[in-house]
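Everything on this sheet refers to the single structure shown next.
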Amino acid sequence: MKEHLLSPSTWLRGFFMLLFIAIYLVLRLVFLAIILFQFGSMLFTGKLNELLLSFADSLSVYVFQIVRYLTYNSDSKPFPFRHWPKPHEAPILD
């Protein structure tokens with residue numbers, strides 16, 4: 001147990017986990033804004049914003065990568081430590 005408590009890699013991962021938890025919490029607000037904007041766009045113009053659709057798609061893959069890292073299902077740190085996911089990009093499962 002002492003070995004794990006003193007392991008720099010454990011504490012470094014903990015630091016990155018706190019960072020990605022903060023990013024995740026901010027992204028929840030971003031998703032809410034996207035949802036409300038797209039609903040308003042559909043309500044008033046009858047169509048969705050295509051650029052926002054693409055961004056929301058890649059953002060959802062990014063959130064998936066964050067959750068996988070936070071739950072120890074992946075050791076790969078998400079963006080900015082690897083490329084930003086493309087829209088419709090299948091999530092990388094490692």
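Just so we're on the same page: first chain in the structure tokens is A, next is B, and so on; residues restart at 1 for each chain, and ligands are numbered from 1 in the order they show up.
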When DSSP is applied to the backbone of this structure, which of chain A are assigned alpha helix (DSSP H)? Write them out as a VMD selection string.
chain A and resid 2 to 5 8 to 45 50 to 70
Who sits within 9 Å of Ser76 in chain A, only C-alpha atoms, same chain under 5 positions skipped, as a ChimeraX atom specification
/A:65,68-69,81-82,94
One decimal, in Å: what's the spacing between CA of Thr71 in chain A and CA of Ser9 in chain A?
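So the answer is 16.3 Å.
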Measuring atom to atom with only C-alpha atoms, identify which of A:Pro85, A:Gly14, A:Leu51, A:Val26 is nearest to Phe64 in chain A.
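Answer, going by the shortest atom-to-atom distance: A:Pro85.
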Give me the residues near His88 in chain A as a compact mmCIF listing (two decimals) with C-alpha atoms, in the first residue's frame, where near means some atom within 12 Å (using only C-alpha atoms) and where sequence neighbours in that chain fewer than 2 positions away do not count.
# COMPACT_ATOMS: atom_id res chain seq x y z
CA LEU A 53 -24.01 19.40 -35.63
CA SER A 54 -20.49 18.49 -36.69
CA PHE A 55 -18.94 20.15 -33.63
CA ALA A 56 -21.41 18.48 -31.25
CA ASP A 57 -20.65 15.12 -32.82
CA SER A 58 -16.90 15.46 -32.27
CA LEU A 59 -17.51 16.90 -28.80
CA SER A 60 -19.55 13.84 -27.84
CA VAL A 61 -16.66 11.57 -28.87
CA TYR A 62 -14.33 13.74 -26.79
CA PRO A 85 -11.74 13.64 -32.52
CA LYS A 86 -13.31 14.05 -35.93
CA ALA A 90 -15.53 5.75 -33.93
CA PRO A 91 -14.26 6.01 -30.36
CA ILE A 92 -10.91 4.31 -29.82
Would you kindly return, as a short mmCIF file (atom, residue, chain, number, x, y, z; two decimals) with C-alpha atoms, in the first residue's frame, each protein, DNA or RNA residue with an atom no farther than 10 Å from any atom of Leu70 in chain A, considering only C-alpha atoms and excluding same-chain residues fewer than 2 positions away?
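Saved result, part06.cif, follows:
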data_model
loop_
_atom_site.label_atom_id
_atom_site.label_comp_id
_atom_site.auth_asym_id
_atom_site.auth_seq_id
_atom_site.Cartn_x
_atom_site.Cartn_y
_atom_site.Cartn_z
CA ARG A 13 -2.88 10.39 -12.95
CA GLY A 14 -4.89 11.86 -10.07
CA PHE A 16 -4.97 14.64 -14.78
CA MET A 17 -8.22 13.13 -13.52
CA LEU A 18 -9.03 16.35 -11.64
CA PHE A 20 -10.53 16.20 -16.95
CA ILE A 21 -13.30 16.26 -14.34
CA PHE A 64 -16.62 9.63 -24.27
CA GLN A 65 -12.80 9.64 -24.28
CA ILE A 66 -12.77 11.66 -21.05
CA VAL A 67 -15.18 9.29 -19.31
CA ARG A 68 -13.16 6.26 -20.42
CA TYR A 72 -9.72 3.63 -15.90
CA ASN A 73 -11.06 2.00 -19.06
CA SER A 74 -8.32 3.78 -20.99
CA ASP A 75 -4.85 4.99 -20.19
CA LYS A 77 -5.33 10.96 -22.12
#
Between CA of Glu50 in chain A and CA of Ile35 in chain A, what distance in Å does the model show, to one decimal?
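Spanning CA of Glu50 in chain A to CA of Ile35 in chain A is a straight-line distance of 13.2 Å.
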Residues near Phe39 in chain A, anyone? I mean within 10 Å using only C-alpha atoms, not counting same-chain ones fewer than 6 positions away, as a VMD selection string.
chain A and resid 33 45 to 49
